[in-house]
$ cat final.cif   # mmCIF, C-alpha atoms
data_protein
#
loop_
_atom_site.label_atom_id
_atom_site.label_comp_id
_atom_site.auth_asym_id
_atom_site.auth_seq_id
_atom_site.Cartn_x
_atom_site.Cartn_y
_atom_site.Cartn_z
CA ALA J 73 75.51 135.80 92.81
CA THR J 74 73.45 136.60 95.92
CA SER J 75 70.93 133.86 95.14
CA MET J 76 73.76 131.38 94.54
CA TRP J 77 75.28 132.16 97.94
CA TRP J 78 71.87 131.88 99.60
CA CYS J 79 71.24 128.46 98.02
CA ALA J 80 74.72 127.34 99.11
CA MET J 81 74.12 128.38 102.72
CA HIS J 82 70.66 126.75 102.78
CA TYR J 83 72.09 123.51 101.39
CA SER J 84 74.96 123.62 103.90
CA MET J 85 72.62 124.00 106.86
CA SER J 86 70.57 121.03 105.61
CA CYS J 87 73.75 118.97 105.45
CA PHE J 88 74.69 120.10 108.95
CA ARG J 89 71.38 118.83 110.34
CA CYS J 90 71.86 115.51 108.56
CA LEU J 91 75.36 115.17 110.01
CA GLN J 92 74.01 115.03 113.53
CA LYS J 93 72.41 111.65 112.75
CA TYR J 94 75.74 110.09 111.74
CA GLU J 95 78.02 111.11 114.62
CA PRO J 96 79.92 107.94 115.61
CA ASP J 97 81.14 106.78 119.00
CA THR J 98 84.81 107.67 119.24
CA GLY J 99 87.53 107.34 121.86
CA THR J 100 90.16 110.05 122.15
CA PRO J 101 89.33 113.77 122.36
CA MET J 102 90.95 114.30 118.97
CA GLN J 103 88.77 111.61 117.40
CA LYS J 104 85.67 113.03 119.04
CA PHE J 105 86.57 116.44 117.62
CA VAL J 106 87.23 115.42 114.00
CA HIS J 107 84.19 113.11 113.92
CA SER J 108 81.82 115.52 115.61
CA ALA J 109 78.83 116.91 113.76
CA ILE J 110 80.05 120.46 114.35
CA PHE J 111 83.47 119.84 112.80
CA ARG J 112 82.06 118.00 109.79
CA GLY J 113 79.35 120.62 109.43
CA VAL J 114 81.89 123.44 109.32
CA VAL J 115 84.01 121.53 106.80
CA SER J 116 80.94 120.84 104.65
CA ILE J 117 80.02 124.54 104.66
CA ILE J 118 83.57 125.49 103.66
CA ILE J 119 83.47 122.91 100.86
CA VAL J 120 80.26 124.38 99.44
CA VAL J 121 81.58 127.94 99.79
CA ASN J 122 84.80 126.91 98.05
CA ALA J 123 82.80 125.38 95.18
CA MET J 124 80.87 128.64 94.77
CA THR J 125 84.11 130.63 94.94
CA LEU J 126 85.66 128.52 92.18
CA GLY J 127 82.82 129.51 89.86
CA LEU J 128 83.12 133.20 90.71
CA MET J 129 86.92 133.07 90.39
CA THR J 130 86.73 131.43 86.96
CA GLN J 131 84.15 133.97 85.84
CA SER J 132 86.27 136.87 87.07
CA ARG J 133 89.41 135.62 85.36
CA THR J 134 87.60 135.00 82.08
CA GLN J 135 86.03 138.46 82.13
CA ALA J 136 89.42 139.99 82.91
CA VAL J 137 91.03 138.25 79.92
CA ILE J 138 88.20 139.35 77.61
CA ALA J 139 88.50 142.93 78.86
CA GLY J 140 92.30 142.87 78.55
CA LYS J 141 92.80 143.49 82.25
CA GLN J 142 94.73 141.79 85.01
CA ALA J 143 92.78 139.39 87.22
CA SER J 144 92.38 140.42 90.84
CA PRO J 145 95.01 138.84 93.15
CA MET J 146 92.29 138.46 95.77
CA TRP J 147 91.18 135.18 94.20
CA ASP J 148 94.65 133.63 94.45
CA ALA J 149 94.91 134.67 98.09
CA LEU J 150 91.44 133.31 98.82
CA GLU J 151 92.24 130.02 97.08
CA THR J 152 95.43 129.73 99.11
CA CYS J 153 93.40 130.11 102.30
CA PHE J 154 91.01 127.38 101.21
CA SER J 155 93.87 125.04 100.30
CA CYS J 156 95.57 125.60 103.65
CA PHE J 157 92.29 125.00 105.49
CA PHE J 158 91.69 121.67 103.72
CA LEU J 159 95.30 120.64 104.30
CA LEU J 160 94.90 121.40 108.02
CA GLU J 161 91.64 119.45 108.11
CA LEU J 162 93.35 116.49 106.42
CA LEU J 163 96.25 116.57 108.90
CA LEU J 164 93.86 116.72 111.87
CA ARG J 165 92.00 113.65 110.62
CA PHE J 166 95.27 111.82 110.04
CA ALA J 167 96.47 112.72 113.55
CA ALA J 168 93.21 111.42 115.02
CA GLU J 169 92.88 108.21 113.00
CA ARG J 170 96.57 107.48 112.31
CA MET J 171 96.97 104.23 110.36
CA SER J 172 93.22 103.69 110.11
CA PHE J 173 93.21 106.84 108.00
CA LEU J 174 95.12 104.91 105.31
CA ILE J 175 93.76 101.39 105.73
CA GLY J 176 90.52 101.88 107.66
CA ALA J 177 86.92 101.56 106.56
CA ASN J 178 86.93 105.00 104.87
CA TRP J 179 90.33 104.70 103.20
CA ARG J 180 88.86 105.33 99.74
CA TRP J 181 87.38 108.65 100.82
CA ASN J 182 90.64 109.58 102.58
CA TYR J 183 92.73 108.92 99.49
CA PHE J 184 90.20 110.88 97.48
CA ASP J 185 90.60 113.82 99.88
CA MET J 186 94.39 113.63 99.60
CA LEU J 187 94.11 113.73 95.81
CA ILE J 188 91.90 116.83 95.94
CA VAL J 189 94.24 118.62 98.37
CA ALA J 190 97.26 117.73 96.23
CA THR J 191 95.63 119.07 93.06
CA SER J 192 94.80 122.31 94.91
CA PHE J 193 98.45 122.97 95.63
CA VAL J 194 99.47 121.86 92.13
CA ASP J 195 97.11 124.50 90.76
CA LEU J 196 98.64 127.13 93.03
CA LEU J 197 102.08 126.20 91.72
CA ALA J 198 100.82 126.31 88.16
CA ALA J 199 99.68 129.91 88.64
CA SER J 200 103.31 130.95 89.19
CA ALA J 201 104.88 128.62 86.63
CA PRO J 202 107.24 130.51 84.28
CA ASN J 203 106.55 128.20 81.36
CA VAL J 204 103.19 129.08 79.82
CA SER J 205 102.62 125.65 78.29
CA VAL J 206 103.41 123.90 81.57
CA SER J 207 101.11 126.29 83.38
CA ARG J 208 98.25 125.49 81.02
CA ILE J 209 98.75 121.76 81.43
CA LEU J 210 98.87 121.95 85.20
CA ARG J 211 95.85 124.18 85.44
CA ILE J 212 93.75 121.46 83.78
CA VAL J 213 93.60 119.81 87.22
CA GLN J 214 91.67 122.81 88.54
CA PHE J 215 88.33 121.25 87.66
CA VAL J 216 89.15 118.25 89.91
CA ARG J 217 88.72 120.42 92.99
CA ILE J 218 85.02 120.82 92.34
CA LEU J 219 84.72 117.09 93.04
CA ARG J 220 85.28 117.91 96.69
CA VAL J 221 81.54 118.53 96.88
CA VAL J 222 81.13 114.74 96.57
CA ARG J 223 82.33 114.51 100.18
CA VAL J 224 79.22 116.34 101.30
CA MET J 225 77.03 113.86 99.44
CA ARG J 226 78.00 110.93 101.64
CA PHE J 227 76.45 112.66 104.68
CA VAL J 228 73.06 113.09 102.98
CA LYS J 229 71.21 109.78 102.61
CA SER J 230 69.41 110.51 99.33
CA LEU J 231 72.52 111.91 97.64
CA ARG J 232 74.65 109.07 98.99
CA LEU J 233 72.26 106.46 97.60
CA MET J 234 72.20 108.22 94.24
CA LEU J 235 76.00 108.29 94.11
CA ILE J 236 76.23 104.59 95.02
CA GLN J 237 73.70 103.66 92.33
CA MET J 238 75.58 105.67 89.73
CA LEU J 239 78.86 103.93 90.58
CA ALA J 240 77.14 100.53 90.62
CA SER J 241 75.76 101.11 87.11
CA MET J 242 79.12 101.97 85.53
CA TRP J 243 79.70 98.39 84.33
CA HIS J 244 76.30 98.37 82.63
CA LEU J 245 77.23 101.68 81.00
CA VAL J 246 80.36 100.04 79.58
CA TRP J 247 78.25 97.33 77.93
CA ILE J 248 75.86 99.96 76.55
CA ALA J 249 78.80 101.82 75.03
CA PHE J 250 80.09 98.54 73.56
CA PHE J 251 76.68 97.84 72.01
CA LEU J 252 76.52 101.34 70.48
CA ILE J 253 80.00 100.90 69.03
CA PHE J 254 78.89 97.60 67.52
CA ILE J 255 75.88 99.30 65.88
CA LEU J 256 78.11 102.06 64.48
CA TYR J 257 80.61 99.49 63.22
CA SER J 258 77.91 97.46 61.45
CA SER J 259 76.37 100.58 59.94
CA ALA J 260 79.81 101.80 58.80
CA ILE J 261 80.37 98.55 56.90
CA PHE J 262 76.96 98.91 55.25
CA PHE J 263 77.63 102.54 54.23
CA MET J 264 81.13 101.79 52.93
CA SER J 265 79.71 99.00 50.75
CA GLY J 266 77.44 101.59 49.14
CA ILE J 267 80.34 104.04 48.79
CA THR J 268 82.37 101.37 46.97
CA GLU J 269 79.62 101.00 44.37
CA ALA J 270 78.83 104.72 43.99
CA TYR J 271 82.38 106.12 44.03
CA PRO J 272 83.40 105.37 40.38
CA SER J 273 80.37 107.10 38.89
CA ALA J 274 80.42 110.12 41.24
CA GLY J 275 81.82 113.53 40.32
CA GLU J 276 85.12 114.87 41.58
CA ASP J 277 83.51 117.02 44.28
CA MET J 278 81.42 114.11 45.52
CA GLN J 279 84.43 111.81 45.45
CA ALA J 280 86.34 114.29 47.60
CA LEU J 281 83.51 114.34 50.15
CA MET J 282 83.32 110.54 50.13
CA HIS J 283 87.04 110.33 50.74
CA GLU J 284 86.83 112.88 53.57
CA TYR J 285 83.84 111.42 55.41
CA TYR J 286 83.96 107.74 54.46
CA GLY J 287 87.62 107.07 53.66
CA SER J 288 88.01 104.45 56.40
CA VAL J 289 85.91 102.49 58.86
CA LEU J 290 86.81 104.84 61.72
CA GLU J 291 86.02 107.94 59.66
CA THR J 292 82.71 106.40 58.64
CA MET J 293 81.88 105.56 62.26
CA LEU J 294 82.75 109.12 63.26
CA SER J 295 80.55 110.57 60.51
CA LEU J 296 77.62 108.40 61.57
CA PHE J 297 78.09 109.25 65.24
CA MET J 298 78.23 112.98 64.52
CA SER J 299 75.10 112.71 62.39
CA VAL J 300 73.01 110.96 65.06
CA SER J 301 74.36 112.93 68.03
CA GLY J 302 73.97 116.44 66.64
CA GLY J 303 77.67 117.02 65.91
CA ASP J 304 76.80 117.53 62.24
CA ASP J 305 73.73 117.48 60.03
CA TRP J 306 72.75 114.53 57.84
CA ALA J 307 72.62 116.84 54.82
CA ASN J 308 76.34 117.58 55.15
CA ARG J 309 77.32 113.91 55.39
CA MET J 310 75.07 112.43 52.68
#
$ encode --input "final.cif" --output "structure tokens"
Amino acid sequence: ATSMWWCAMHYSMSCFRCLQKYEPDTGTPMQKFVHSAIFRGVVSIIIVVNAMTLGLMTQSRTQAVIAGKQASPMWDALETCFSCFFLLELLLRFAAERMSFLIGANWRWNYFDMLIVATSFVDLLAASAPNVSVSRILRIVQFVRILRVVRVMRFVKSLRLMLIQMLASMWHLVWIAFFLIFILYSSAIFFMSGITEAYPSAGEDMQALMHEYYGSVLETMLSLFMSVSGGDDWANRM
């Protein structure tokens, strides 16, 4: 844990030095404050610390459940403090930028920040939800808060370029997925043609396996995908 905190602080200080290169020219004192390198540096450090705290909190809660103990209420109080801090930071930026906060050049990042802050408070409400099933569903949004670290990436040139390239390649990834599905579909048709010929002469146990793994095109595609991706072994599917 000590090494993790040290790496987080070292990374935060590097981000703080990079922020000084991107301090814009602003007008009002409020705008100068929220866009200053010091303010953004402090927020970036808090974001990284919050990300580290989420990992420690999840680990503590999991260990408490395994040990049959009650999780420490300190984590809920600490998470409440983080949520209030990020809500205050969001309100300060909105007060400084006003309508440009919603329709300005960085409106995508601002809406992203609002989503993260909203999910933080939803998770806090889920912790006190009386309905266990509702609580479990709401707490699924907890992992979204770790995406707040993406905000720090846009202040570091190399990380920002990497993020932009990843987003720009998403459409190509869609076509790659389509091509893989086409290969699985073609292979499934080929395998099912062989199943059709071999099924009448197979034993009852083999027929049951054929029906389970190759009973339809989708089941055949799933069996082939699991075999090539490590989800299952070829020996169990052949």
$ resolve_selection --input "final.cif" --expression "the PyMOL selection byres ((chain J and resi 252-269) around 12)" --output "PyMOL selection string"
chain J and resi 245-251+270-274+278-300+309-310
$ atom_distance --input "final.cif" --atom1 "CA of Arg220 (chain J)" --atom2 "CA of Phe158 (chain J)"
10.2 Å
$ atom_distance --input "final.cif" --atom1 "CA of Ala168 (chain J)" --atom2 "CA of Gln103 (chain J)"
5.0 Å
$ atom_distance --input "final.cif" --atom1 "CA of Leu196 (chain J)" --atom2 "CA of Asp148 (chain J)"
7.8 Å
$ resolve_selection --input "final.cif" --expression "the PyMOL selection byres ((chain J and resi 165) around 12)" --output "PyMOL selection string"
chain J and resi 102-108+111-112+115+158-164+166-174+178-179+181-182+185-186
$ closest_residue --input "final.cif" --among "J:Ile218, J:Ser230, J:Asp277, J:Ala240" --to "Ala123 (chain J)" --atoms "only C-alpha atoms"
J:Ile218
$ closest_residue --input "final.cif" --among "J:Gly302, J:Leu235, J:Glu151, J:Leu187" --to "Met124 (chain J)" --atoms "all atoms listed in the file"
J:Glu151
$ resolve_selection --input "final.cif" --expression "the PyMOL selection byres ((chain J and resi 144) around 12)" --output "NGL selection string"
:J and (128-137 or 141-143 or 145-150)
$ closest_residue --input "final.cif" --among "J:Val222, J:Tyr183, J:Pro101, J:Asp195" --to "Ile119 (chain J)" --atoms "all atoms listed in the file"
J:Val222
